[in-house]
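**Student:** Please find one structure pasted underneath; my questions will follow.
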Amino acid sequence: PDGARLVASLAASSDVLVENFKVGGLAKYGLDYETLARANPRLIYCSITGFGTSGPYSARPSYDNVALALSGMASLMLDPEAPQVCGPTITDNASGMYACYGILGALYERERTGRGRRVEVNMLEAAISFIPDPFASYTRMGVDNKPLTRVANSHSFAWRCSDGKMLAVQLSSLPKFWQGCCTAFERPELIEDPRFKTRDLRIKNYVELTKLLGETIATKPRAHWMAALEANDVPFAPVHKIDEVYDDPQVRHMGTFYKLRHPAEGEITAIHRPVLIDGAREETTPPPSLGEHTDAILAELGYSREQIARLRADAVV
């Protein structure tokens, strides 16, 4: 009860509340939007759920992999004969970004109206919205989207070079990239090959083309092919492992990663936001340790030292 009263006090003087409880999880504590908005009509109350606040799935718990599967996204990445989940979190991050722009939109409106809003985001719709192209290709053209559908259409490839390092290329639809690729890979005869002469044929014979070029690329090291691709203005990149990203020349030039000194955790490598305003972005303060600012916030709310000590003791119990 003390914790619920504390959250209500914070919400009464806050701009934004973000929560990701299951549907109705905060209502039993009297911390639902309607209750908190009566005390603070300017409050932006953002709820992130798995499947929305109503409907047959609304009471279910959800995580990244659940939304990946239900949204259709996982079907574009899994081999149905040997399914194995892999890769980074996607729907978690997409949900956070959609929630962020929903909150920012509500704050912008509030500057004009003084009115708060309830913002709702769910992982399922965030995942669906994050991949509009397969849905558009299905509804407009009847395309049966599979793991290779998008990569074949966009002419996306990845190969292993003679030194064991991987190389990625995407040719998209411009003929000059296909021609430059054939030149760079020392296979100019493929330009007139009847199997690959048109873009549609290259899409149809994508697997065969991938294998054929892969055999050529496996004969020389990655640095050789990268130089040749750059000389022919072909879109390419080395396939970095995570620990290699830090030292990439372009990443270092942009200053994407930077160091922070945390008072308890020591040096932290942080990532700059990918948005620049007027060509710049500031460094931030280190993230606080769990509970680092609790006493200061409680003091702002009028709690005495004795009351803060009691709340802390109750929390430990």
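Identifiers in this document derive from the order of the structure tokens: chains are assigned A, B, ..., residues are numbered from 1 separately in each chain, and ligands are numbered from 1 in order of occurrence.
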Identify, on the basis of only C-alpha atoms, every residue whose closest approach to Leu10 (chain A) does not exceed 8 Å; exclude the query and any residue fewer than 4 positions from it along the same chain; express the result as a list of chain:residue names.
**Tutor:**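 Non-adjacent residues within range: A:Leu6, A:Ser14, A:Leu301.
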**Student:** What lies within 10 Å of region 147-155 of chain A using only C-alpha atoms, ignoring chain neighbours under 5 positions off, as a PyMOL selection string?
**Tutor:** chain A and resi 73-80+133-134+137+169-173+177-178+199-200+202-207+209-210
**Student:** Write down as a VMD selection string the residues of region 104-282 of chain A whose backbone DSSP state falls under helix (DSSP H, G or I).
**Tutor:** chain A and resid 104 to 113 123 to 130 132 to 141 149 to 153 175 to 184 188 to 192 199 to 204 206 to 217 222 to 231 242 to 245 249 to 254
**Student:** Do you have the CA of Gln84 (chain A)-CA of Phe51 (chain A) distance handy?
**Tutor:**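 Interatomic distance here is 23.9 Å.
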**Student:** Find the spatial neighbours of Ala106 (chain A), counting only C-alpha atoms, within a cut-off of 9 Å - ignore same-chain residues fewer than 3 positions away - and output them as number ranges by chain.
**Tutor:** A: 44, 101-103, 109-111, 115-119
**Student:** Would you mind exporting N, CA, C and O atoms of the selected residues as a CSV table (one decimal), in the first residue's frame?
**Tutor:**
chain,number,residue,atom,x,y,z
A,44,ILE,N,0.7,12.0,-19.2
A,44,ILE,CA,0.8,11.1,-20.4
A,44,ILE,C,1.1,9.7,-19.8
A,44,ILE,O,2.1,9.4,-19.3
A,101,TYR,N,7.5,7.5,-29.8
A,101,TYR,CA,7.0,8.5,-30.6
A,101,TYR,C,5.5,8.8,-30.3
A,101,TYR,O,5.0,9.9,-30.5
A,102,GLY,N,4.8,7.8,-29.7
A,102,GLY,CA,3.5,8.1,-29.2
A,102,GLY,C,3.5,9.1,-28.1
A,102,GLY,O,2.7,10.0,-28.0
A,103,ILE,N,4.4,8.9,-27.2
A,103,ILE,CA,4.6,9.8,-26.0
A,103,ILE,C,4.9,11.2,-26.5
A,103,ILE,O,4.4,12.2,-26.0
A,109,GLU,N,1.1,17.7,-28.4
A,109,GLU,CA,-0.3,18.1,-28.3
A,109,GLU,C,-0.6,18.8,-27.0
A,109,GLU,O,-1.3,19.8,-27.0
A,110,ARG,N,0.0,18.3,-25.9
A,110,ARG,CA,-0.3,18.9,-24.6
A,110,ARG,C,0.2,20.3,-24.5
A,110,ARG,O,-0.3,21.1,-23.7
A,111,GLU,N,1.3,20.6,-25.3
A,111,GLU,CA,1.8,22.0,-25.3
A,111,GLU,C,0.7,23.0,-25.7
A,111,GLU,O,0.6,24.1,-25.3
A,115,ARG,N,-3.7,19.1,-22.2
A,115,ARG,CA,-4.4,17.9,-21.8
A,115,ARG,C,-3.5,16.7,-22.0
A,115,ARG,O,-2.7,16.5,-22.9
A,116,GLY,N,-3.6,15.8,-21.0
A,116,GLY,CA,-2.8,14.5,-21.0
A,116,GLY,C,-3.5,13.5,-21.9
A,116,GLY,O,-4.6,13.7,-22.4
A,117,ARG,N,-2.8,12.4,-22.2
A,117,ARG,CA,-3.4,11.4,-23.0
A,117,ARG,C,-3.0,10.0,-22.5
A,117,ARG,O,-2.0,9.8,-21.8
A,118,ARG,N,-3.8,9.0,-22.9
A,118,ARG,CA,-3.4,7.6,-22.6
A,118,ARG,C,-2.9,7.0,-23.9
A,118,ARG,O,-3.6,7.0,-25.0
A,119,VAL,N,-1.6,6.6,-23.9
A,119,VAL,CA,-0.9,6.1,-25.1
A,119,VAL,C,-0.8,4.6,-24.9
A,119,VAL,O,-0.4,4.1,-23.9
**Student:** Using CA of Leu229 (chain A) and CA of Phe185 (chain A) as the two end points, give the distance in Å to one decimal.
**Tutor:**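 Answer for the CA of Leu229 (chain A) to CA of Phe185 (chain A) separation: 7.9 Å.
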**Student:** Find the spatial neighbours of Glu283 (chain A), counting only C-alpha atoms, within a cut-off of 12 Å - ignore same-chain residues fewer than 2 positions away - and output them as number ranges by chain.
**Tutor:** A: 255-261, 269-273, 276, 280-281, 285-287
**Student:** Could you save those same residues with all heavy atoms as a tab-separated table (two decimals), in the first residue's frame?
**Tutor:**
chain	number	residue	atom	x	y	z
A	255	GLY	N	31.78	8.52	-34.05
A	255	GLY	CA	31.78	8.57	-32.58
A	255	GLY	C	30.56	7.91	-31.99
A	255	GLY	O	30.03	8.37	-30.97
A	256	THR	N	30.12	6.82	-32.60
A	256	THR	CA	28.89	6.16	-32.16
A	256	THR	C	28.98	5.69	-30.72
A	256	THR	O	28.03	5.82	-29.94
A	256	THR	CB	28.59	4.96	-33.09
A	256	THR	OG1	28.52	5.42	-34.44
A	256	THR	CG2	27.28	4.28	-32.71
A	257	PHE	N	30.13	5.14	-30.35
A	257	PHE	CA	30.35	4.68	-28.97
A	257	PHE	C	31.17	5.71	-28.22
A	257	PHE	O	32.07	6.34	-28.78
A	257	PHE	CB	31.08	3.34	-28.97
A	257	PHE	CG	30.32	2.22	-29.63
A	257	PHE	CD1	30.56	1.91	-30.97
A	257	PHE	CD2	29.37	1.49	-28.94
A	257	PHE	CE1	29.87	0.88	-31.60
A	257	PHE	CE2	28.68	0.46	-29.56
A	257	PHE	CZ	28.92	0.16	-30.88
A	258	TYR	N	30.87	5.87	-26.94
A	258	TYR	CA	31.68	6.77	-26.12
A	258	TYR	C	31.71	6.26	-24.69
A	258	TYR	O	30.92	5.40	-24.30
A	258	TYR	CB	31.13	8.21	-26.18
A	258	TYR	CG	29.75	8.41	-25.59
A	258	TYR	CD1	29.59	8.97	-24.32
A	258	TYR	CD2	28.60	8.05	-26.29
A	258	TYR	CE1	28.32	9.15	-23.77
A	258	TYR	CE2	27.34	8.24	-25.76
A	258	TYR	CZ	27.21	8.79	-24.50
A	258	TYR	OH	25.96	8.97	-23.96
A	259	LYS	N	32.66	6.77	-23.92
A	259	LYS	CA	32.89	6.28	-22.57
A	259	LYS	C	32.24	7.19	-21.54
A	259	LYS	O	32.25	8.41	-21.66
A	259	LYS	CB	34.39	6.20	-22.27
A	259	LYS	CG	35.17	5.29	-23.22
A	259	LYS	CD	34.82	3.83	-23.04
A	259	LYS	CE	35.74	2.95	-23.89
A	259	LYS	NZ	35.41	1.52	-23.75
A	260	LEU	N	31.68	6.57	-20.52
A	260	LEU	CA	31.13	7.27	-19.37
A	260	LEU	C	31.74	6.69	-18.10
A	260	LEU	O	32.07	5.50	-18.05
A	260	LEU	CB	29.61	7.10	-19.30
A	260	LEU	CG	28.74	7.86	-20.32
A	260	LEU	CD1	27.29	7.42	-20.18
A	260	LEU	CD2	28.86	9.35	-20.11
A	261	ARG	N	31.85	7.52	-17.08
A	261	ARG	CA	32.34	7.04	-15.80
A	261	ARG	C	31.18	6.98	-14.83
A	261	ARG	O	30.59	7.99	-14.48
A	261	ARG	CB	33.44	7.98	-15.27
A	261	ARG	CG	33.92	7.69	-13.86
A	261	ARG	CD	34.57	6.33	-13.72
A	261	ARG	NE	35.72	6.15	-14.60
A	261	ARG	CZ	36.49	5.06	-14.59
A	261	ARG	NH1	36.18	4.06	-13.76
A	261	ARG	NH2	37.51	4.97	-15.41
A	269	THR	N	30.79	1.75	-21.60
A	269	THR	CA	30.74	2.11	-23.03
A	269	THR	C	29.29	2.33	-23.41
A	269	THR	O	28.47	1.41	-23.34
A	269	THR	CB	31.34	1.00	-23.89
A	269	THR	OG1	32.72	0.81	-23.52
A	269	THR	CG2	31.28	1.37	-25.37
A	270	ALA	N	28.96	3.53	-23.80
A	270	ALA	CA	27.59	3.90	-24.14
A	270	ALA	C	27.45	4.08	-25.65
A	270	ALA	O	28.45	4.20	-26.37
A	270	ALA	CB	27.19	5.19	-23.43
A	271	ILE	N	26.22	4.08	-26.13
A	271	ILE	CA	25.91	4.26	-27.54
A	271	ILE	C	25.18	5.58	-27.71
A	271	ILE	O	24.15	5.81	-27.07
A	271	ILE	CB	25.04	3.11	-28.08
A	271	ILE	CG1	25.73	1.76	-27.87
A	271	ILE	CG2	24.73	3.32	-29.56
A	271	ILE	CD1	24.85	0.57	-28.21
A	272	HIS	N	25.69	6.44	-28.57
A	272	HIS	CA	25.00	7.69	-28.86
A	272	HIS	C	23.65	7.42	-29.51
A	272	HIS	O	23.49	6.44	-30.25
A	272	HIS	CB	25.81	8.54	-29.84
A	272	HIS	CG	26.77	9.48	-29.18
A	272	HIS	ND1	26.38	10.41	-28.25
A	272	HIS	CD2	28.11	9.63	-29.33
A	272	HIS	CE1	27.44	11.11	-27.86
A	272	HIS	NE2	28.50	10.65	-28.49
A	273	ARG	N	22.67	8.29	-29.24
A	273	ARG	CA	21.42	8.19	-29.98
A	273	ARG	C	21.72	8.39	-31.46
A	273	ARG	O	22.61	9.18	-31.83
A	273	ARG	CB	20.41	9.22	-29.48
A	273	ARG	CG	20.77	10.66	-29.80
A	273	ARG	CD	19.58	11.60	-29.57
A	273	ARG	NE	19.88	12.92	-30.10
A	273	ARG	CZ	20.29	13.95	-29.38
A	273	ARG	NH1	20.45	13.81	-28.08
A	273	ARG	NH2	20.54	15.12	-29.95
A	276	LEU	N	20.78	13.14	-34.89
A	276	LEU	CA	21.53	14.38	-34.68
A	276	LEU	C	20.59	15.56	-34.87
A	276	LEU	O	19.76	15.57	-35.78
A	276	LEU	CB	22.71	14.49	-35.64
A	276	LEU	CG	23.95	13.64	-35.34
A	276	LEU	CD1	23.71	12.17	-35.61
A	276	LEU	CD2	25.15	14.15	-36.16
A	280	ALA	N	24.52	17.75	-34.29
A	280	ALA	CA	25.18	17.43	-33.02
A	280	ALA	C	24.28	16.56	-32.14
A	280	ALA	O	23.08	16.46	-32.35
A	280	ALA	CB	25.54	18.71	-32.28
A	281	ARG	N	24.90	15.94	-31.16
A	281	ARG	CA	24.19	15.19	-30.12
A	281	ARG	C	25.07	15.21	-28.88
A	281	ARG	O	26.29	15.01	-28.95
A	281	ARG	CB	23.91	13.77	-30.58
A	281	ARG	CG	25.14	13.01	-31.04
A	281	ARG	CD	24.79	11.76	-31.78
A	281	ARG	NE	25.99	11.12	-32.32
A	281	ARG	CZ	25.97	10.07	-33.13
A	281	ARG	NH1	24.82	9.53	-33.48
A	281	ARG	NH2	27.09	9.54	-33.58
A	285	THR	N	24.42	11.63	-19.04
A	285	THR	CA	24.97	11.17	-17.77
A	285	THR	C	24.84	9.66	-17.69
A	285	THR	O	24.00	9.06	-18.37
A	285	THR	CB	24.23	11.81	-16.59
A	285	THR	OG1	22.83	11.49	-16.70
A	285	THR	CG2	24.40	13.31	-16.60
A	286	PRO	N	25.63	8.99	-16.87
A	286	PRO	CA	25.51	7.53	-16.75
A	286	PRO	C	24.13	7.14	-16.21
A	286	PRO	O	23.52	7.90	-15.46
A	286	PRO	CB	26.60	7.16	-15.74
A	286	PRO	CG	27.54	8.31	-15.73
A	286	PRO	CD	26.72	9.51	-16.03
A	287	PRO	N	23.62	5.99	-16.58
A	287	PRO	CA	22.34	5.54	-16.03
A	287	PRO	C	22.48	5.33	-14.53
A	287	PRO	O	23.53	4.89	-14.05
A	287	PRO	CB	22.09	4.21	-16.74
A	287	PRO	CG	23.44	3.75	-17.19
A	287	PRO	CD	24.22	4.99	-17.49
**Student:** Please determine, counting only C-alpha atoms, which residue among A:Leu201, A:Ile128, A:Val18, A:Val234 has the shortest atom-to-atom distance to Lys176 (chain A).
**Tutor:**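 Ranked by minimum distance to Lys176 (chain A), first place goes to A:Val234.
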**Student:** Can you work out the spacing between CA of Asp295 (chain A) and CA of Asp15 (chain A) in Å, to one decimal?
**Tutor:**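 A separation of 20.0 Å between them.
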**Student:** Smallest atom-to-atom distance to Asn40 (chain A): which of A:Leu17, A:Ala231, A:Cys181, A:Cys86, using only C-alpha atoms?
**Tutor:**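 Of A:Leu17, A:Ala231, A:Cys181, A:Cys86, the one nearest Asn40 (chain A), counting only C-alpha atoms, is A:Leu17.
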**Student:** If you run DSSP on the backbone here, which positions in region 17-255 of chain A get strand (DSSP E)? Please write them as a ChimeraX atom specification.
**Tutor:** /A:17-19,44-49,117-122,156-160,166-170,236-238
**Student:** Those selected residues, please, written with N, CA and C atoms and delivered as a short mmCIF file (atom, residue, chain, number, x, y, z; two decimals), in the first residue's frame.
**Tutor:**
data_model
loop_
_atom_site.label_atom_id
_atom_site.label_comp_id
_atom_site.auth_asym_id
_atom_site.auth_seq_id
_atom_site.Cartn_x
_atom_site.Cartn_y
_atom_site.Cartn_z
N LEU A 17 4.12 8.61 -17.43
CA LEU A 17 4.23 7.32 -16.75
C LEU A 17 4.24 6.23 -17.82
N VAL A 18 5.22 5.34 -17.76
CA VAL A 18 5.30 4.22 -18.69
C VAL A 18 5.20 2.93 -17.89
N GLU A 19 4.32 2.02 -18.33
CA GLU A 19 4.17 0.75 -17.62
C GLU A 19 3.99 -0.38 -18.62
N ILE A 44 0.73 12.00 -19.24
CA ILE A 44 0.79 11.10 -20.40
C ILE A 44 1.05 9.71 -19.83
N TYR A 45 0.08 8.82 -19.99
CA TYR A 45 0.13 7.48 -19.39
C TYR A 45 0.30 6.47 -20.53
N CYS A 46 1.48 5.86 -20.62
CA CYS A 46 1.78 4.95 -21.73
C CYS A 46 1.80 3.51 -21.24
N SER A 47 0.97 2.68 -21.84
CA SER A 47 0.93 1.25 -21.52
C SER A 47 1.47 0.45 -22.70
N ILE A 48 2.43 -0.43 -22.41
CA ILE A 48 2.97 -1.33 -23.42
C ILE A 48 2.54 -2.75 -23.04
N THR A 49 1.74 -3.37 -23.89
CA THR A 49 1.24 -4.71 -23.61
C THR A 49 1.67 -5.67 -24.71
N ARG A 117 -2.84 12.40 -22.18
CA ARG A 117 -3.39 11.35 -23.02
C ARG A 117 -2.99 9.98 -22.50
N ARG A 118 -3.79 8.98 -22.87
CA ARG A 118 -3.40 7.60 -22.64
C ARG A 118 -2.85 7.05 -23.94
N VAL A 119 -1.60 6.64 -23.93
CA VAL A 119 -0.93 6.09 -25.11
C VAL A 119 -0.83 4.57 -24.91
N GLU A 120 -1.25 3.82 -25.92
CA GLU A 120 -1.21 2.37 -25.84
C GLU A 120 -0.42 1.80 -27.01
N VAL A 121 0.49 0.91 -26.71
CA VAL A 121 1.29 0.22 -27.72
C VAL A 121 1.31 -1.26 -27.36
N ASN A 122 1.17 -2.12 -28.35
CA ASN A 122 1.31 -3.55 -28.07
C ASN A 122 2.36 -4.17 -28.98
N SER A 156 19.99 -9.56 -52.16
CA SER A 156 20.85 -9.50 -50.97
C SER A 156 21.60 -10.83 -50.83
N PHE A 157 22.90 -10.73 -50.58
CA PHE A 157 23.74 -11.92 -50.51
C PHE A 157 24.70 -11.82 -49.34
N ALA A 158 25.18 -12.98 -48.90
CA ALA A 158 26.28 -13.06 -47.95
C ALA A 158 27.09 -14.29 -48.28
N TRP A 159 28.41 -14.13 -48.29
CA TRP A 159 29.29 -15.23 -48.65
C TRP A 159 30.49 -15.30 -47.69
N ARG A 160 31.13 -16.46 -47.69
CA ARG A 160 32.37 -16.65 -46.94
C ARG A 160 33.54 -16.59 -47.92
N MET A 166 33.28 -13.15 -43.63
CA MET A 166 32.05 -13.05 -44.42
C MET A 166 31.89 -11.65 -45.03
N LEU A 167 31.19 -11.64 -46.14
CA LEU A 167 30.98 -10.42 -46.91
C LEU A 167 29.51 -10.34 -47.32
N ALA A 168 28.90 -9.15 -47.19
CA ALA A 168 27.51 -8.95 -47.56
C ALA A 168 27.41 -7.95 -48.70
N VAL A 169 26.46 -8.20 -49.60
CA VAL A 169 26.22 -7.33 -50.75
C VAL A 169 24.71 -7.21 -50.95
N GLN A 170 24.25 -6.02 -51.31
CA GLN A 170 22.86 -5.85 -51.73
C GLN A 170 22.83 -5.02 -52.99
N PHE A 236 28.16 -2.77 -50.42
CA PHE A 236 28.72 -3.95 -49.75
C PHE A 236 29.09 -3.59 -48.32
N ALA A 237 29.38 -4.60 -47.52
CA ALA A 237 29.92 -4.39 -46.18
C ALA A 237 30.51 -5.69 -45.67
N PRO A 238 31.55 -5.61 -44.87
CA PRO A 238 32.00 -6.81 -44.18
C PRO A 238 30.96 -7.20 -43.12
#
**Student:** For a quick check of understanding, using only C-alpha atoms, which of A:Glu265, A:Ala67, A:Thr294, A:Cys182 has the smallest distance to Leu212 (chain A)?
**Tutor:** A:Cys182
**Student:** Env of Leu298 (chain A): 12 Å cut, atoms = only C-alpha atoms, seq-sep filter 2 positions within chain, self excluded. Answer as a ChimeraX atom specification.
**Tutor:** /A:3,5-7,9-10,291-296,300-312
**Student:** Using only C-alpha atoms, which of A:Gly24, A:Ala37, A:Ser95, A:Leu43 sits nearest Ser58 (chain A)?
**Tutor:**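 The shortest atom-to-atom distance to Ser58 (chain A) comes from A:Gly24.
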**Student:** Identify which of the residues A:Cys161, A:Leu124, A:Phe21, A:Arg42 lies closest to Val239 (chain A), counting only C-alpha atoms when measuring atom-to-atom distances.
**Tutor:**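 Checking each of A:Cys161, A:Leu124, A:Phe21, A:Arg42 against Val239 (chain A), counting only C-alpha atoms, the winner is A:Cys161.
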**Student:** Considering only C-alpha atoms, can you say which of A:Leu290, A:Ile131, A:Val143, A:Met123 comes closest to Thr91 (chain A)?
**Tutor:**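 Looking only at the distances to Thr91 (chain A), the closest residue turns out to be A:Met123.
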